[in-house]
Each structure stands twice: as structure tokens, then as C-alpha cells.
Amino acid sequence: MKALLAAVATLLLVSACGPVPEATSPSAGPGGPVAAPVAPADEAGLRAAASRALADQRLYAPAGDNAIEHYLALHALLPREAGVETALLELLPYAVIGSEQAIARGDFDEARRLLGLVERADAAFPALSRLRDRLAVAEADARDAAERAARETEDTAQREQAARLAAEAITAPRVAAASAVAPPERSEPGTEKPAAVPAPREPVAAPPVVAAPPAAAPRVPRVVDAPQPRYPLMAMRRKIEGDVVLELRIEPDGRVGQARVISAEPAGLFDAAAVAAASRWRFESGPGVVTTRQVMRFRLPKAG
């Protein structure tokens, strides 16, 4: 068990110095993709698989061969094992961040899988309800966007067809009239009249183009309630401080519709706590949606 806890601590230290690892998939060989290894069912095999996943930074992906799923299987075998519960507690924020990234890129199946892992580990996890609501909204927005695109494509095709029919209706009588005109009389050689040369046209000056004034930037509403973030347990134990730059999408009613990490120092350590806190912020209501950036600072209390 000490070896497992040491592996978790080592991984979190590595994560603090770099971005959260992206989901990885089994490598492909010359003959095609390699199938994922079969998950072990015994305690020793699960502990070894969890240690390998931590060493490879396979925290929550690929499905079926990642640290969280191996620890969940261990928890089912050893429900009172404190070390397994501690490892899951430390890994859950990474699954939360992974689900937010999956929602942002439109990979809703992956987001549902990760939220399922979080629920299996802790059904009362604070961010779980908010992320499920955000996933439902993102899926509804994607469906609406697809329906709008389909309608626009259909409307464009109908307009183009109507334009072609109108052009054919105008052109057909002219073609018929031209075919009914008698051919011109043939003149004797030497009596042809010179063709009239059109007089040159006077140049016409184009009207000046007046540039439209730039649109005014929307006013960022005032913060009326800003709950403080929860200091991550690992960062507090290691006495680590940091900053997280967030992009907030403020709805007209003052709610934060979306909180997204732009950058963090150190990367990955404070992200989940910052996003969870910013999602509970409230601003003054306004006429429309406003996007702004905020810096959330994590500082340890001064001694003395």
C-alpha cells in the first residue's frame, strides 16, 4: 500500500509541473490497432495495473485500462481499504477536468464515461451535478446547431432553385423572339455601310465608402458574490501556491454559464478547484452574454 501511495504522490508532483495528460489510446502496429489488455480481477493484478497506469499517466483513459478504473475495481474488492480511497480522492479532480475538456471539444460520449467514473467513486462529488447540467446544455446546443445548419442548407437550395427558375422564365421568351426575327437582307458587295463606332463614355466617379464606426466593447458586470475556492489537499500538504487564469461566460441573469481554464501555474494542480469556485460566482444582470477573464490566486495563510 505504501508503494501505491508513493506512486500517487509522485504522479501528482509530475502533474504540478505540466498539463493534465490527455486521454491516450492503445498504440497501433503495422497490422492495425492493438487491442487493450484484459483488466485483471485479483487484488495483486489490480494493484500492479494501477501502478503501471500511474507511471504512464493514464489517469482516466483509455477506457478499461486507467488508474481510476483499476482503483475502483480494487475498492469493490476492498471497500474499507483507506489507501485505495485516498488514491481515488486524489485522482477524481483529473477526471473532472477531463470531462470538461471532452464537453468543450464536443466529445459527449467521453464526457459521460468520465462523469460515470466520478459518480462511481463519489456520488456526492460537489462538481458532479454542475457538470451533468453543463453536458445536457452542450448536447442541446449541438443538436440546435445541427438543425439550424440543416435548415439553412435547405433554404439555400430552395433559393438557388427559385433563382434558376426565374432566370429561365425571363430567358425563354427572349430566345423564342430572337428565333422568330427574319434574317438580315444581303447587300451587294461594296455597298456595306460602315459600322457605327460608339462614342466614348464619360468616366463616373464611384461614391466614397464610409467605414462603419467600431462597435463598443460590452461592459463587464460587477461581481456581487464570489465564493472562495477550496484549497486542494495535496497543494496544502506540500505548501504549494499558484494562480489560475479563467475565461468566464456571464449570462444575462448574472450566472456563470461556463468557466474555462486559460492557463495555470503550476498547471493542473488548482484547475478543478478554480473552475468549481468560479461556477458559483454571481455578477450583476446585464442586457446580454459577456465573456471576461479573471485570475484566481491560491495563497497559503501566513504563519504567526
# chains A, B, ... in the order shown; residues from 1 in each chain; ligands from 1
call {"tool": "residues_around", "arguments": {"residues": "Ala48 in chain A", "least_positions_apart": "5", "cutoff": "10 Å", "atoms": "only C-alpha atoms", "output": "list in words"}}
result
Leu4, Pro40, Glu43, Ala53, Leu54 and His70 of chain A
call {"tool": "residues_around", "arguments": {"residues": "range 278-291 of chain A", "least_positions_apart": "4", "cutoff": "9 Å", "atoms": "only C-alpha atoms", "output": "NGL selection string"}}
result
:A and (130 or 218-229 or 246-259 or 273-274 or 296)
call {"tool": "atom_distance", "arguments": {"atom1": "CA of Ala167 in chain A", "atom2": "CA of Asp155 in chain A"}}
result
18.3 Å
call {"tool": "atom_distance", "arguments": {"atom1": "CA of Leu131 in chain A", "atom2": "CA of Met236 in chain A"}}
result
25.3 Å
call {"tool": "residues_around", "arguments": {"residues": "Leu117 in chain A", "least_positions_apart": "5", "cutoff": "8 Å", "atoms": "only C-alpha atoms", "output": "JSON, numbers by chain"}}
result
{"A": [68, 69, 95]}
call {"tool": "select_by_dssp", "arguments": {"residues": "range 35-96 of chain A", "states": "alpha helix (DSSP H)", "output": "ChimeraX atom specification"}}
result
/A:43-55,67-77,82-96
call {"tool": "atom_distance", "arguments": {"atom1": "CA of Arg120 in chain A", "atom2": "CA of Ala140 in chain A"}}
result
25.2 Å
call {"tool": "closest_residue", "arguments": {"among": "A:Ala145, A:Tyr71, A:Ala136, A:Ala41", "to": "Glu90 in chain A", "atoms": "only C-alpha atoms"}}
result
A:Tyr71
call {"tool": "residues_around", "arguments": {"residues": "Ser263 in chain A", "least_positions_apart": "2", "cutoff": "7 Å", "atoms": "only C-alpha atoms", "output": "number ranges by chain"}}
result
A: 244-245, 261
call {"tool": "write_last_selection", "arguments": {"atoms": "all heavy atoms", "output": "PDB file, in the first residue's frame"}}
result
ATOM      1  N   VAL A 244      -4.530  30.753 -11.331  1.00  0.00           N
ATOM      2  CA  VAL A 244      -5.271  30.176 -12.448  1.00  0.00           C
ATOM      3  C   VAL A 244      -5.985  31.303 -13.189  1.00  0.00           C
ATOM      4  O   VAL A 244      -6.708  32.089 -12.578  1.00  0.00           O
ATOM      5  CB  VAL A 244      -6.310  29.134 -11.972  1.00  0.00           C
ATOM      6  CG1 VAL A 244      -7.074  28.560 -13.163  1.00  0.00           C
ATOM      7  CG2 VAL A 244      -5.638  28.019 -11.202  1.00  0.00           C
ATOM      8  N   VAL A 245      -5.748  31.410 -14.503  1.00  0.00           N
ATOM      9  CA  VAL A 245      -6.442  32.386 -15.338  1.00  0.00           C
ATOM     10  C   VAL A 245      -7.659  31.691 -15.954  1.00  0.00           C
ATOM     11  O   VAL A 245      -7.517  30.677 -16.645  1.00  0.00           O
ATOM     12  CB  VAL A 245      -5.511  32.942 -16.442  1.00  0.00           C
ATOM     13  CG1 VAL A 245      -6.268  33.950 -17.307  1.00  0.00           C
ATOM     14  CG2 VAL A 245      -4.285  33.592 -15.819  1.00  0.00           C
ATOM     15  N   VAL A 261     -10.410  27.080 -18.087  1.00  0.00           N
ATOM     16  CA  VAL A 261      -9.036  27.407 -17.698  1.00  0.00           C
ATOM     17  C   VAL A 261      -8.248  27.832 -18.938  1.00  0.00           C
ATOM     18  O   VAL A 261      -8.178  27.092 -19.917  1.00  0.00           O
ATOM     19  CB  VAL A 261      -8.368  26.199 -17.018  1.00  0.00           C
ATOM     20  CG1 VAL A 261      -6.900  26.504 -16.721  1.00  0.00           C
ATOM     21  CG2 VAL A 261      -9.105  25.823 -15.747  1.00  0.00           C
TER      22      VAL A 261
END
